[in-house]
Amino acid sequence: MRKFRFIDLFCGVGGFHIALESLGGSCVFASDIDLECQKVYQDNFNLEPVGDITKVDEKEIPNHDVLCAGFPCQAFSKAGYRKGVNDPRGTLFYEIIRIAKHHQPKYMILENVRNLAGHDGGNTWKVIRYNLREIGYNVSDEPIIFSPHYLGIPQHRERVFILCKRRDLGELPTFTFNKKTKLESDAFSILQPDNEIDNISDYKLKKRDKSIIDLWNEFTLIVKDELPGFPIWSEWLKELNGADNIQQYPKWKQDFIYKNSNLYGTHKKKIDCWLAKALSNPDFKGAKAKFEWQAGKTAEPNLWNTIMQFRPSGLRAKKPTYYPALVAITQTSIIGLRKRKLTPRECARLQRIPDNYKLHSTDRIAYKQLGNSVNVEVVKLFAKLLIHQD
C-alpha cells in the first residue's frame with residue numbers, strides 16, 4: 001500500500017503525522033482538544049484539527065485506510081469485558097471504537113503509556129483487546145512494549161503500542177525484536193552547539209541549582225567506594241533511636257531509612273561536616289535534599305559528567321548514554337558537561353521530529369507538547385510492519 005489515507009486522533013503536535021506521511025500517507029482528518037496543539041499542528045501541516053472528538057459525527061470523518069491514535073489511558077470497569085463496546089462509552093477509547101466500527105479502516109496503530117499493559121490488574125488491556133476484536137480486527141494477545149533506545153535513539157521511553165489489522169485482510173504480522181541486540185546510543189548526539197542556541201542563558205543552570213549539584217557531588221566523593229543504589233534522604237543520614245519511631249512507615253520506606261542510617265554510620269565524621277554545610281544552604285530542602293545515583297560504579301564519581309534531572313523524588317543522576325523519558329512538564333534533563341538543560345529543539349530530536357518542524361514559541365508549552373508526543377521512528381517501525389511498507 002504505497003499511497004494511503006490516514007486519520008490522526010488525539011493528534012498532539014503530529015508525531016503520527018510525520019511518521020506516516022514519510023511512508024506515503026496523506027492525512028485527511030486530525031483531532032485534538034488542546035488549542036495550543038491545534039495551532040502548532042496547523043502551522044506545520046496546513047491542516048486544522050477539530051476539537052472535541054466526542055462532538056464529531058463519525059459519518060463526517062473522511063474514509064481512510066489507517067487510524068492512528070495516542071489515546072489517554074482511562075479506567076475500564078470489569079463489566080466492559082462482558083458487555084463489549086457498550087461499556088466503555090464515556091471514555092475516549094470508545095471514540096476510537098465508534099469511528100473504527102463505522103469506517104472499518106484496514107489498519108490501526110494505537111499508542112499509550114507503559115502502565116496500560118498492567119492497568120487495573122490487566123483488566124484495561126482485556127477490555128481494549130476484546131472491543132477491538134468485537135468490531136472485526138485481529139489484535140495480538142498482549143500489547144507491544146517498546147522504547148526508542150532500542151533503536152539507538154538516546155531516550156528511554158517505554159510505551160505500549162497496539163497494532164490492529166482488519167480480520168478480512170488476514171493475520172496480524174508478528175513483531176519480533178531482540179532487545180539484547182539494541183543499538184548503542186549517545187546522549188550528546190542530539191545536542192545543539194551552545195553558540196548556536198538563541199537565548200542560551202534561558203537554559204543555563206541557575207546559581208542555586210548549581211550549588212545543590214555541587215553539594216551532592218561532594219557527597220558522592222565521600223561515599224564513592226559504596227555509592228548506593230537506594231535513594232539518599234538527607235533527613236535520615238543519622239543514628240536511629242527510639243524517638244524516630246520508623247515503625248509508622250511502610251516496610252519499603254523503613255528499609256531505605258535503615259540503609260541511609262547504616263551508610264551514615266560508615267562515614268559519620270565526613271557526613272556530619274557535609275550535612276552542616278548542606279543545611280546552611282537555604283535551597284537544600286524538600287526534593288533537593290534527596291538524591292539518587294543511577295550512573296553505576298565509577299572510580300571517581302562526578303555529577304557533572306552525568307545526565308541529571310530534578311524530580312519530586314530528588315536529584316537523579318544517570319550515565320550519559322540516554323535521557324529519561326520526556327514528560328509533559330518542565331522537569332527537563334540537565335546535561336552535566338554543558339551545565340544546562342535540554343532545549344525544546346533537542347527534545348524534539350529525541351522524539352525524532354525534524355529540525356524544520358516549527359515548535360511552539362513558548363518553551364513551557366513546547367516541553368509539554370513534546371513530552372506528550374509519540375516517537376516518530378518508533379511509529380515508522382510499526383507502520384512499516386503493519387502495512388508492508390519498505
# chains A, B, ... in the order shown; residues from 1 in each chain; ligands from 1
>>> residues_around(residues="segment 318-333 of chain A", least_positions_apart="6", cutoff="7 Å", atoms="only C-alpha atoms", output="compact mmCIF listing (two decimals) with C-alpha atoms, in the first residue's frame")
# COMPACT_ATOMS: atom_id res chain seq x y z
CA PRO A 154 19.07 8.25 23.25
CA GLN A 155 15.78 8.25 25.15
CA HIS A 156 14.47 5.55 27.46
CA ARG A 157 10.72 5.82 26.91
CA SER A 185 23.03 5.37 21.92
CA ASP A 186 24.90 8.61 22.53
CA ALA A 187 23.22 11.25 24.66
CA TRP A 293 22.73 7.87 41.96
CA GLN A 294 21.82 5.68 38.98
CA ALA A 295 25.04 6.04 36.99
CA THR A 306 26.22 12.63 34.10
CA ILE A 307 22.73 13.34 32.82
CA MET A 308 20.70 14.74 35.72
CA GLN A 309 17.13 15.63 36.48
CA PHE A 310 15.48 17.39 39.40
CA ARG A 311 12.49 15.24 40.26
CA LYS A 341 19.06 21.75 30.48
CA LEU A 342 17.85 20.39 27.15
CA ARG A 364 6.91 25.75 28.72
CA TYR A 367 8.20 20.98 26.52
CA LYS A 368 4.72 19.79 27.47
CA GLN A 369 3.76 19.05 23.86
CA GLY A 371 6.60 15.18 26.36
CA ASN A 372 3.18 14.06 25.15
>>> residues_around(residues="segment 33-45 of chain A", least_positions_apart="3", cutoff="7 Å", atoms="only C-alpha atoms", output="PDB file with N, CA and C atoms, in the first residue's frame")
ATOM      1  N   GLY A  12      -2.091  15.640  19.125  1.00  0.00           N
ATOM      2  CA  GLY A  12      -0.987  16.375  19.719  1.00  0.00           C
ATOM      3  C   GLY A  12      -0.346  17.283  18.684  1.00  0.00           C
ATOM      4  N   VAL A  13       0.978  17.208  18.578  1.00  0.00           N
ATOM      5  CA  VAL A  13       1.670  18.052  17.605  1.00  0.00           C
ATOM      6  C   VAL A  13       2.084  17.275  16.356  1.00  0.00           C
ATOM      7  N   GLY A  14       1.585  16.040  16.213  1.00  0.00           N
ATOM      8  CA  GLY A  14       1.713  15.382  14.915  1.00  0.00           C
ATOM      9  C   GLY A  14       2.816  14.359  14.741  1.00  0.00           C
ATOM     10  N   GLU A  48      -6.103  21.993   9.975  1.00  0.00           N
ATOM     11  CA  GLU A  48      -6.597  22.400  11.288  1.00  0.00           C
ATOM     12  C   GLU A  48      -7.316  21.233  11.961  1.00  0.00           C
ATOM     13  N   PRO A  49      -6.805  20.752  13.099  1.00  0.00           N
ATOM     14  CA  PRO A  49      -7.503  19.672  13.799  1.00  0.00           C
ATOM     15  C   PRO A  49      -8.828  20.175  14.368  1.00  0.00           C
ATOM     16  N   GLY A  51     -11.752  20.026  17.322  1.00  0.00           N
ATOM     17  CA  GLY A  51     -11.591  19.988  18.772  1.00  0.00           C
ATOM     18  C   GLY A  51     -12.077  18.699  19.403  1.00  0.00           C
ATOM     19  N   ASP A  52     -13.105  18.787  20.202  1.00  0.00           N
ATOM     20  CA  ASP A  52     -13.612  17.657  20.984  1.00  0.00           C
ATOM     21  C   ASP A  52     -14.126  16.548  20.073  1.00  0.00           C
ATOM     22  N   TYR A 357      10.705  21.411  11.689  1.00  0.00           N
ATOM     23  CA  TYR A 357       9.390  21.467  12.339  1.00  0.00           C
ATOM     24  C   TYR A 357       9.331  22.722  13.211  1.00  0.00           C
ATOM     25  N   LYS A 358       8.211  23.451  13.132  1.00  0.00           N
ATOM     26  CA  LYS A 358       8.064  24.693  13.884  1.00  0.00           C
ATOM     27  C   LYS A 358       7.451  24.406  15.254  1.00  0.00           C
ATOM     28  N   LEU A 359       8.267  24.543  16.281  1.00  0.00           N
ATOM     29  CA  LEU A 359       7.826  24.290  17.650  1.00  0.00           C
ATOM     30  C   LEU A 359       7.039  25.473  18.197  1.00  0.00           C
ATOM     31  N   HIS A 360       6.311  25.233  19.271  1.00  0.00           N
ATOM     32  CA  HIS A 360       5.600  26.322  19.934  1.00  0.00           C
ATOM     33  C   HIS A 360       6.613  27.345  20.420  1.00  0.00           C
TER      34      HIS A 360
END
>>> residues_around(residues="Leu132 of chain A", least_positions_apart="4", cutoff="12 Å", atoms="only C-alpha atoms", output="ChimeraX atom specification")
/A:81,84-85,88,93-101,104,107-110,125-128,136-141,162-167
>>> write_last_selection(atoms="N, CA and C atoms", output="CSV table (one decimal), in the first residue's frame")
chain,number,residue,atom,x,y,z
A,81,TYR,N,-15.6,-5.9,29.8
A,81,TYR,CA,-15.1,-7.2,29.2
A,81,TYR,C,-16.3,-8.0,28.8
A,84,GLY,N,-18.9,-5.7,26.0
A,84,GLY,CA,-18.3,-5.2,24.7
A,84,GLY,C,-18.3,-3.7,24.6
A,85,VAL,N,-18.6,-3.2,23.4
A,85,VAL,CA,-18.4,-1.8,23.1
A,85,VAL,C,-19.4,-0.9,23.9
A,88,PRO,N,-17.5,0.8,27.5
A,88,PRO,CA,-16.5,1.9,27.5
A,88,PRO,C,-17.1,3.2,27.1
A,93,PHE,N,-11.4,6.0,24.7
A,93,PHE,CA,-11.1,4.8,23.9
A,93,PHE,C,-12.4,4.5,23.1
A,94,TYR,N,-13.5,4.7,23.6
A,94,TYR,CA,-14.8,4.4,22.9
A,94,TYR,C,-14.9,5.2,21.6
A,95,GLU,N,-14.3,6.4,21.6
A,95,GLU,CA,-14.3,7.2,20.4
A,95,GLU,C,-13.6,6.5,19.2
A,96,ILE,N,-12.5,5.8,19.6
A,96,ILE,CA,-11.8,5.0,18.5
A,96,ILE,C,-12.7,3.9,18.1
A,97,ILE,N,-13.3,3.2,19.0
A,97,ILE,CA,-14.2,2.1,18.6
A,97,ILE,C,-15.4,2.6,17.8
A,98,ARG,N,-15.9,3.7,18.2
A,98,ARG,CA,-17.1,4.3,17.4
A,98,ARG,C,-16.7,4.6,16.0
A,99,ILE,N,-15.6,5.3,15.8
A,99,ILE,CA,-15.1,5.7,14.5
A,99,ILE,C,-14.7,4.5,13.6
A,100,ALA,N,-13.9,3.6,14.2
A,100,ALA,CA,-13.4,2.4,13.5
A,100,ALA,C,-14.6,1.4,13.1
A,101,LYS,N,-15.6,1.3,14.0
A,101,LYS,CA,-16.7,0.5,13.7
A,101,LYS,C,-17.4,0.9,12.4
A,104,GLN,N,-14.3,1.2,9.4
A,104,GLN,CA,-13.6,-0.1,9.1
A,104,GLN,C,-12.3,0.1,8.3
A,107,TYR,N,-6.2,-0.7,8.9
A,107,TYR,CA,-5.2,-0.9,10.0
A,107,TYR,C,-5.5,0.2,11.0
A,108,MET,N,-5.0,-0.1,12.3
A,108,MET,CA,-5.0,0.9,13.3
A,108,MET,C,-3.7,0.8,14.1
A,109,ILE,N,-3.1,1.9,14.4
A,109,ILE,CA,-1.9,2.0,15.3
A,109,ILE,C,-2.3,2.8,16.5
A,110,LEU,N,-2.3,2.2,17.6
A,110,LEU,CA,-2.7,2.9,18.8
A,110,LEU,C,-1.5,3.0,19.8
A,125,TRP,N,-6.4,-3.7,29.6
A,125,TRP,CA,-6.0,-4.3,28.3
A,125,TRP,C,-7.0,-5.3,27.8
A,126,LYS,N,-7.6,-6.1,28.7
A,126,LYS,CA,-8.5,-7.1,28.2
A,126,LYS,C,-9.8,-6.4,27.6
A,127,VAL,N,-10.2,-5.3,28.2
A,127,VAL,CA,-11.4,-4.6,27.6
A,127,VAL,C,-11.0,-4.0,26.2
A,128,ILE,N,-9.8,-3.4,26.1
A,128,ILE,CA,-9.4,-2.8,24.9
A,128,ILE,C,-9.3,-3.9,23.8
A,136,GLY,N,-14.1,-6.4,14.6
A,136,GLY,CA,-13.6,-7.1,13.4
A,136,GLY,C,-12.1,-7.0,13.1
A,137,TYR,N,-11.3,-6.8,14.2
A,137,TYR,CA,-9.9,-6.6,14.0
A,137,TYR,C,-9.1,-7.8,14.7
A,138,ASN,N,-8.0,-8.1,14.0
A,138,ASN,CA,-7.0,-9.0,14.6
A,138,ASN,C,-6.1,-8.2,15.5
A,139,VAL,N,-6.0,-8.6,16.7
A,139,VAL,CA,-5.1,-7.9,17.7
A,139,VAL,C,-4.3,-8.9,18.5
A,140,SER,N,-3.1,-8.6,18.8
A,140,SER,CA,-2.2,-9.5,19.5
A,140,SER,C,-2.8,-9.8,20.9
A,141,ASP,N,-2.4,-10.9,21.4
A,141,ASP,CA,-2.9,-11.3,22.8
A,141,ASP,C,-2.3,-10.3,23.8
A,162,ILE,N,-0.4,-0.8,20.2
A,162,ILE,CA,-1.4,-1.8,19.8
A,162,ILE,C,-1.6,-1.7,18.3
A,163,LEU,N,-1.3,-2.8,17.6
A,163,LEU,CA,-1.4,-2.9,16.2
A,163,LEU,C,-2.7,-3.7,15.9
A,164,CYS,N,-3.5,-3.2,14.9
A,164,CYS,CA,-4.7,-3.8,14.6
A,164,CYS,C,-4.8,-4.0,13.0
A,165,LYS,N,-5.3,-5.1,12.6
A,165,LYS,CA,-5.5,-5.4,11.2
A,165,LYS,C,-6.9,-6.0,10.9
A,166,ARG,N,-7.6,-5.4,10.0
A,166,ARG,CA,-9.0,-5.8,9.8
A,166,ARG,C,-8.9,-7.3,9.4
A,167,ARG,N,-9.8,-8.0,10.0
A,167,ARG,CA,-9.8,-9.5,10.0
A,167,ARG,C,-9.8,-10.1,8.6
>>> atom_distance(atom1="atom CA of Glu111 of chain A", atom2="atom CA of Gly70 of chain A")
4.5 Å
>>> select_by_dssp(residues="segment 138-363 of chain A", states="strand (DSSP E or B)", output="PDB file with N, CA and C atoms, in the first residue's frame")
ATOM      1  N   ASN A 138      -7.998  -8.140  13.983  1.00  0.00           N
ATOM      2  CA  ASN A 138      -7.008  -9.009  14.606  1.00  0.00           C
ATOM      3  C   ASN A 138      -6.100  -8.153  15.473  1.00  0.00           C
ATOM      4  N   VAL A 139      -5.951  -8.565  16.716  1.00  0.00           N
ATOM      5  CA  VAL A 139      -5.140  -7.851  17.694  1.00  0.00           C
ATOM      6  C   VAL A 139      -4.306  -8.884  18.450  1.00  0.00           C
ATOM      7  N   ILE A 144       2.374  -4.535  22.654  1.00  0.00           N
ATOM      8  CA  ILE A 144       3.807  -4.427  22.426  1.00  0.00           C
ATOM      9  C   ILE A 144       4.350  -3.292  23.292  1.00  0.00           C
ATOM     10  N   ILE A 145       5.419  -3.576  24.020  1.00  0.00           N
ATOM     11  CA  ILE A 145       6.080  -2.551  24.831  1.00  0.00           C
ATOM     12  C   ILE A 145       7.425  -2.245  24.184  1.00  0.00           C
ATOM     13  N   PHE A 146       7.647  -0.986  23.845  1.00  0.00           N
ATOM     14  CA  PHE A 146       8.853  -0.643  23.081  1.00  0.00           C
ATOM     15  C   PHE A 146       9.357   0.740  23.473  1.00  0.00           C
ATOM     16  N   GLN A 155      16.880   7.971  24.224  1.00  0.00           N
ATOM     17  CA  GLN A 155      15.782   8.254  25.149  1.00  0.00           C
ATOM     18  C   GLN A 155      15.156   6.936  25.600  1.00  0.00           C
ATOM     19  N   HIS A 156      15.124   6.735  26.914  1.00  0.00           N
ATOM     20  CA  HIS A 156      14.471   5.546  27.465  1.00  0.00           C
ATOM     21  C   HIS A 156      13.011   5.913  27.715  1.00  0.00           C
ATOM     22  N   ARG A 159       6.704   2.598  25.865  1.00  0.00           N
ATOM     23  CA  ARG A 159       5.304   2.880  25.595  1.00  0.00           C
ATOM     24  C   ARG A 159       4.636   1.615  25.068  1.00  0.00           C
ATOM     25  N   VAL A 160       3.333   1.570  25.235  1.00  0.00           N
ATOM     26  CA  VAL A 160       2.533   0.459  24.716  1.00  0.00           C
ATOM     27  C   VAL A 160       2.057   0.810  23.311  1.00  0.00           C
ATOM     28  N   PHE A 161       2.232  -0.132  22.398  1.00  0.00           N
ATOM     29  CA  PHE A 161       1.712   0.011  21.039  1.00  0.00           C
ATOM     30  C   PHE A 161       0.750  -1.142  20.754  1.00  0.00           C
ATOM     31  N   ILE A 162      -0.378  -0.795  20.155  1.00  0.00           N
ATOM     32  CA  ILE A 162      -1.404  -1.774  19.812  1.00  0.00           C
ATOM     33  C   ILE A 162      -1.602  -1.729  18.300  1.00  0.00           C
ATOM     34  N   LEU A 163      -1.298  -2.830  17.636  1.00  0.00           N
ATOM     35  CA  LEU A 163      -1.449  -2.912  16.182  1.00  0.00           C
ATOM     36  C   LEU A 163      -2.700  -3.709  15.861  1.00  0.00           C
ATOM     37  N   CYS A 164      -3.472  -3.205  14.925  1.00  0.00           N
ATOM     38  CA  CYS A 164      -4.737  -3.846  14.557  1.00  0.00           C
ATOM     39  C   CYS A 164      -4.808  -3.982  13.033  1.00  0.00           C
ATOM     40  N   LYS A 165      -5.290  -5.135  12.592  1.00  0.00           N
ATOM     41  CA  LYS A 165      -5.462  -5.382  11.159  1.00  0.00           C
ATOM     42  C   LYS A 165      -6.861  -5.953  10.943  1.00  0.00           C
ATOM     43  N   ARG A 166      -7.585  -5.366  10.010  1.00  0.00           N
ATOM     44  CA  ARG A 166      -8.953  -5.819   9.765  1.00  0.00           C
ATOM     45  C   ARG A 166      -8.944  -7.311   9.429  1.00  0.00           C
ATOM     46  N   LYS A 204      20.730  27.709  30.763  1.00  0.00           N
ATOM     47  CA  LYS A 204      21.828  27.507  31.704  1.00  0.00           C
ATOM     48  C   LYS A 204      21.279  27.346  33.126  1.00  0.00           C
ATOM     49  N   ILE A 232      19.045   8.455  48.580  1.00  0.00           N
ATOM     50  CA  ILE A 232      19.600   9.091  49.769  1.00  0.00           C
ATOM     51  C   ILE A 232      18.637  10.171  50.240  1.00  0.00           C
ATOM     52  N   TRP A 233      18.190  10.056  51.478  1.00  0.00           N
ATOM     53  CA  TRP A 233      17.315  11.060  52.085  1.00  0.00           C
ATOM     54  C   TRP A 233      18.097  11.710  53.211  1.00  0.00           C
ATOM     55  N   LYS A 290      17.236  15.358  48.583  1.00  0.00           N
ATOM     56  CA  LYS A 290      17.216  13.917  48.296  1.00  0.00           C
ATOM     57  C   LYS A 290      18.030  13.669  47.031  1.00  0.00           C
ATOM     58  N   PHE A 291      18.529  12.446  46.883  1.00  0.00           N
ATOM     59  CA  PHE A 291      19.471  12.171  45.806  1.00  0.00           C
ATOM     60  C   PHE A 291      19.391  10.710  45.390  1.00  0.00           C
ATOM     61  N   GLU A 292      19.492  10.465  44.078  1.00  0.00           N
ATOM     62  CA  GLU A 292      19.520   9.097  43.559  1.00  0.00           C
ATOM     63  C   GLU A 292      20.658   8.969  42.560  1.00  0.00           C
ATOM     64  N   TRP A 293      21.627   8.142  42.887  1.00  0.00           N
ATOM     65  CA  TRP A 293      22.735   7.865  41.962  1.00  0.00           C
ATOM     66  C   TRP A 293      22.378   6.626  41.149  1.00  0.00           C
ATOM     67  N   GLN A 294      22.163   6.795  39.860  1.00  0.00           N
ATOM     68  CA  GLN A 294      21.821   5.679  38.982  1.00  0.00           C
ATOM     69  C   GLN A 294      22.801   5.577  37.817  1.00  0.00           C
ATOM     70  N   ILE A 307      24.004  12.711  33.191  1.00  0.00           N
ATOM     71  CA  ILE A 307      22.730  13.335  32.820  1.00  0.00           C
ATOM     72  C   ILE A 307      21.910  13.403  34.098  1.00  0.00           C
ATOM     73  N   MET A 308      21.429  14.581  34.452  1.00  0.00           N
ATOM     74  CA  MET A 308      20.704  14.740  35.718  1.00  0.00           C
ATOM     75  C   MET A 308      19.289  15.258  35.482  1.00  0.00           C
ATOM     76  N   GLN A 309      18.502  15.117  36.539  1.00  0.00           N
ATOM     77  CA  GLN A 309      17.135  15.630  36.477  1.00  0.00           C
ATOM     78  C   GLN A 309      16.665  15.908  37.898  1.00  0.00           C
ATOM     79  N   PHE A 310      16.115  17.102  38.123  1.00  0.00           N
ATOM     80  CA  PHE A 310      15.476  17.394  39.403  1.00  0.00           C
ATOM     81  C   PHE A 310      14.065  16.837  39.355  1.00  0.00           C
ATOM     82  N   ARG A 311      13.779  15.900  40.237  1.00  0.00           N
ATOM     83  CA  ARG A 311      12.485  15.237  40.263  1.00  0.00           C
ATOM     84  C   ARG A 311      11.872  15.364  41.651  1.00  0.00           C
ATOM     85  N   GLY A 314      13.875  13.639  44.142  1.00  0.00           N
ATOM     86  CA  GLY A 314      15.225  14.103  44.405  1.00  0.00           C
ATOM     87  C   GLY A 314      16.018  14.321  43.131  1.00  0.00           C
ATOM     88  N   LEU A 315      17.276  14.734  43.286  1.00  0.00           N
ATOM     89  CA  LEU A 315      18.176  14.888  42.152  1.00  0.00           C
ATOM     90  C   LEU A 315      18.604  13.502  41.694  1.00  0.00           C
ATOM     91  N   ARG A 316      18.343  13.170  40.444  1.00  0.00           N
ATOM     92  CA  ARG A 316      18.664  11.841  39.906  1.00  0.00           C
ATOM     93  C   ARG A 316      19.768  11.967  38.871  1.00  0.00           C
ATOM     94  N   ALA A 317      20.784  11.091  38.978  1.00  0.00           N
ATOM     95  CA  ALA A 317      21.921  11.110  38.055  1.00  0.00           C
ATOM     96  C   ALA A 317      22.011   9.792  37.305  1.00  0.00           C
ATOM     97  N   LYS A 318      22.220   9.867  35.980  1.00  0.00           N
ATOM     98  CA  LYS A 318      22.328   8.681  35.132  1.00  0.00           C
ATOM     99  C   LYS A 318      23.547   8.788  34.225  1.00  0.00           C
ATOM    100  N   TYR A 323      18.656   9.672  27.700  1.00  0.00           N
ATOM    101  CA  TYR A 323      17.913  10.529  28.606  1.00  0.00           C
ATOM    102  C   TYR A 323      16.700   9.795  29.164  1.00  0.00           C
ATOM    103  N   PRO A 324      16.248  10.195  30.350  1.00  0.00           N
ATOM    104  CA  PRO A 324      14.971   9.669  30.840  1.00  0.00           C
ATOM    105  C   PRO A 324      13.848  10.090  29.891  1.00  0.00           C
ATOM    106  N   ILE A 334      19.173  17.606  32.538  1.00  0.00           N
ATOM    107  CA  ILE A 334      20.317  18.509  32.616  1.00  0.00           C
ATOM    108  C   ILE A 334      21.536  17.783  32.056  1.00  0.00           C
ATOM    109  N   ILE A 335      22.229  18.426  31.120  1.00  0.00           N
ATOM    110  CA  ILE A 335      23.480  17.871  30.598  1.00  0.00           C
ATOM    111  C   ILE A 335      24.603  18.402  31.475  1.00  0.00           C
ATOM    112  N   ARG A 340      23.623  22.893  31.627  1.00  0.00           N
ATOM    113  CA  ARG A 340      22.348  23.450  31.174  1.00  0.00           C
ATOM    114  C   ARG A 340      21.357  22.328  30.944  1.00  0.00           C
ATOM    115  N   LYS A 341      20.096  22.731  30.769  1.00  0.00           N
ATOM    116  CA  LYS A 341      19.056  21.750  30.475  1.00  0.00           C
ATOM    117  C   LYS A 341      18.855  21.631  28.967  1.00  0.00           C
TER     118      LYS A 341
END
>>> select_by_dssp(residues="segment 24-177 of chain A", states="alpha helix (DSSP H)", output="short mmCIF file (atom, residue, chain, number, x, y, z; two decimals) with N, CA and C atoms, in the first residue's frame")
data_model
loop_
_atom_site.label_atom_id
_atom_site.label_comp_id
_atom_site.auth_asym_id
_atom_site.auth_seq_id
_atom_site.Cartn_x
_atom_site.Cartn_y
_atom_site.Cartn_z
N LEU A 35 -6.03 23.52 22.41
CA LEU A 35 -5.96 24.61 21.44
C LEU A 35 -4.53 24.91 21.00
N GLU A 36 -3.58 24.82 21.92
CA GLU A 36 -2.19 25.10 21.56
C GLU A 36 -1.64 24.03 20.61
N CYS A 37 -2.04 22.77 20.81
CA CYS A 37 -1.65 21.72 19.88
C CYS A 37 -2.26 21.95 18.50
N GLN A 38 -3.51 22.39 18.49
CA GLN A 38 -4.17 22.67 17.21
C GLN A 38 -3.40 23.71 16.41
N LYS A 39 -2.93 24.76 17.10
CA LYS A 39 -2.21 25.83 16.42
C LYS A 39 -0.89 25.33 15.82
N VAL A 40 -0.14 24.57 16.60
CA VAL A 40 1.15 24.06 16.13
C VAL A 40 0.94 23.08 14.98
N TYR A 41 -0.07 22.23 15.10
CA TYR A 41 -0.36 21.23 14.07
C TYR A 41 -0.70 21.92 12.75
N GLN A 42 -1.58 22.92 12.82
CA GLN A 42 -1.97 23.63 11.59
C GLN A 42 -0.78 24.39 11.00
N ASP A 43 0.04 24.94 11.86
CA ASP A 43 1.20 25.70 11.40
C ASP A 43 2.18 24.82 10.61
N ASN A 44 2.26 23.55 11.01
CA ASN A 44 3.22 22.64 10.36
C ASN A 44 2.64 21.85 9.21
N PHE A 45 1.36 21.53 9.27
CA PHE A 45 0.78 20.62 8.27
C PHE A 45 -0.31 21.26 7.41
N ALA A 79 -17.11 -4.83 33.83
CA ALA A 79 -18.29 -5.08 33.01
C ALA A 79 -17.99 -4.86 31.54
N GLY A 80 -16.99 -4.02 31.26
CA GLY A 80 -16.65 -3.75 29.87
C GLY A 80 -16.21 -4.99 29.13
N TYR A 81 -15.59 -5.91 29.83
CA TYR A 81 -15.15 -7.15 29.19
C TYR A 81 -16.34 -8.02 28.83
N ARG A 82 -17.41 -7.90 29.61
CA ARG A 82 -18.58 -8.73 29.36
C ARG A 82 -19.53 -8.06 28.36
N LYS A 83 -19.63 -6.74 28.41
CA LYS A 83 -20.63 -6.05 27.62
C LYS A 83 -20.13 -5.51 26.30
N LEU A 92 -12.51 7.92 26.29
CA LEU A 92 -12.04 8.33 24.98
C LEU A 92 -11.67 7.15 24.09
N PHE A 93 -11.36 6.01 24.69
CA PHE A 93 -11.11 4.83 23.87
C PHE A 93 -12.36 4.47 23.06
N TYR A 94 -13.51 4.71 23.64
CA TYR A 94 -14.76 4.41 22.93
C TYR A 94 -14.86 5.20 21.63
N GLU A 95 -14.27 6.41 21.60
CA GLU A 95 -14.33 7.21 20.38
C GLU A 95 -13.60 6.50 19.24
N ILE A 96 -12.51 5.82 19.55
CA ILE A 96 -11.80 5.03 18.55
C ILE A 96 -12.69 3.90 18.05
N ILE A 97 -13.32 3.21 18.98
CA ILE A 97 -14.21 2.10 18.63
C ILE A 97 -15.36 2.60 17.76
N ARG A 98 -15.93 3.72 18.16
CA ARG A 98 -17.07 4.29 17.43
C ARG A 98 -16.69 4.62 15.98
N ILE A 99 -15.56 5.26 15.80
CA ILE A 99 -15.13 5.67 14.46
C ILE A 99 -14.69 4.46 13.64
N ALA A 100 -13.92 3.57 14.25
CA ALA A 100 -13.42 2.40 13.51
C ALA A 100 -14.56 1.45 13.14
N LYS A 101 -15.56 1.34 13.98
CA LYS A 101 -16.70 0.46 13.69
C LYS A 101 -17.43 0.94 12.44
N HIS A 102 -17.53 2.27 12.30
CA HIS A 102 -18.24 2.82 11.15
C HIS A 102 -17.40 2.77 9.88
N HIS A 103 -16.10 3.16 9.97
CA HIS A 103 -15.27 3.30 8.77
C HIS A 103 -14.53 2.02 8.40
N ASN A 123 -7.07 -5.62 33.53
CA ASN A 123 -8.43 -5.56 33.02
C ASN A 123 -8.58 -4.55 31.89
N THR A 124 -7.88 -3.42 31.99
CA THR A 124 -7.99 -2.41 30.94
C THR A 124 -7.57 -2.98 29.59
N TRP A 125 -6.44 -3.67 29.57
CA TRP A 125 -5.98 -4.27 28.32
C TRP A 125 -6.99 -5.30 27.79
N LYS A 126 -7.57 -6.09 28.66
CA LYS A 126 -8.55 -7.10 28.23
C LYS A 126 -9.76 -6.44 27.58
N VAL A 127 -10.21 -5.32 28.17
CA VAL A 127 -11.37 -4.62 27.61
C VAL A 127 -11.01 -4.02 26.24
N ILE A 128 -9.84 -3.42 26.13
CA ILE A 128 -9.41 -2.84 24.86
C ILE A 128 -9.33 -3.92 23.78
N ARG A 129 -8.64 -5.00 24.09
CA ARG A 129 -8.47 -6.09 23.12
C ARG A 129 -9.82 -6.69 22.72
N TYR A 130 -10.68 -6.91 23.70
CA TYR A 130 -11.99 -7.50 23.44
C TYR A 130 -12.81 -6.64 22.49
N ASN A 131 -12.84 -5.33 22.75
CA ASN A 131 -13.65 -4.44 21.94
C ASN A 131 -13.10 -4.27 20.53
N LEU A 132 -11.79 -4.26 20.38
CA LEU A 132 -11.20 -4.18 19.05
C LEU A 132 -11.51 -5.45 18.25
N ARG A 133 -11.47 -6.58 18.89
CA ARG A 133 -11.79 -7.83 18.20
C ARG A 133 -13.28 -7.90 17.87
N GLU A 134 -14.09 -7.34 18.73
CA GLU A 134 -15.54 -7.37 18.51
C GLU A 134 -15.95 -6.61 17.26
#
>>> atom_distance(atom1="atom CA of Tyr264 of chain A", atom2="atom CA of Ala289 of chain A")
15.1 Å
>>> closest_residue(among="A:Thr54, A:Gln351, A:Thr176, A:Asn302", to="Lys380 of chain A", atoms="only C-alpha atoms")
A:Gln351
>>> atom_distance(atom1="atom CA of Cys347 of chain A", atom2="atom CA of Leu370 of chain A")
6.8 Å
>>> residues_around(residues="Lys277 of chain A", least_positions_apart="5", cutoff="12 Å", atoms="only C-alpha atoms", output="count of residues only")
13
>>> closest_residue(among="A:Leu381, A:Ile53, A:Leu169, A:Ile153", to="Leu20 of chain A", atoms="only C-alpha atoms")
A:Leu381
>>> residues_around(residues="His64 of chain A", least_positions_apart="3", cutoff="7 Å", atoms="only C-alpha atoms", output="PyMOL selection string")
chain A and resi 5-7+105
>>> closest_residue(among="A:Glu196, A:His267, A:Gln254, A:Leu240", to="Val223 of chain A", atoms="only C-alpha atoms")
A:His267
>>> closest_residue(among="A:Tyr203, A:Leu275, A:Phe230, A:Val376", to="Trp252 of chain A", atoms="only C-alpha atoms")
A:Phe230
>>> decode(residues="segment 118-124 of chain A", atoms="C-alpha atoms", output="CSV table (one decimal), in the first residue's frame")
chain,number,residue,atom,x,y,z
A,118,GLY,CA,-1.0,-3.8,33.7
A,119,HIS,CA,-3.5,-1.1,34.4
A,120,ASP,CA,-6.4,-2.2,36.7
A,121,GLY,CA,-4.8,-5.6,37.2
A,122,GLY,CA,-4.7,-6.2,33.4
A,123,ASN,CA,-8.4,-5.6,33.0
A,124,THR,CA,-8.0,-2.4,30.9
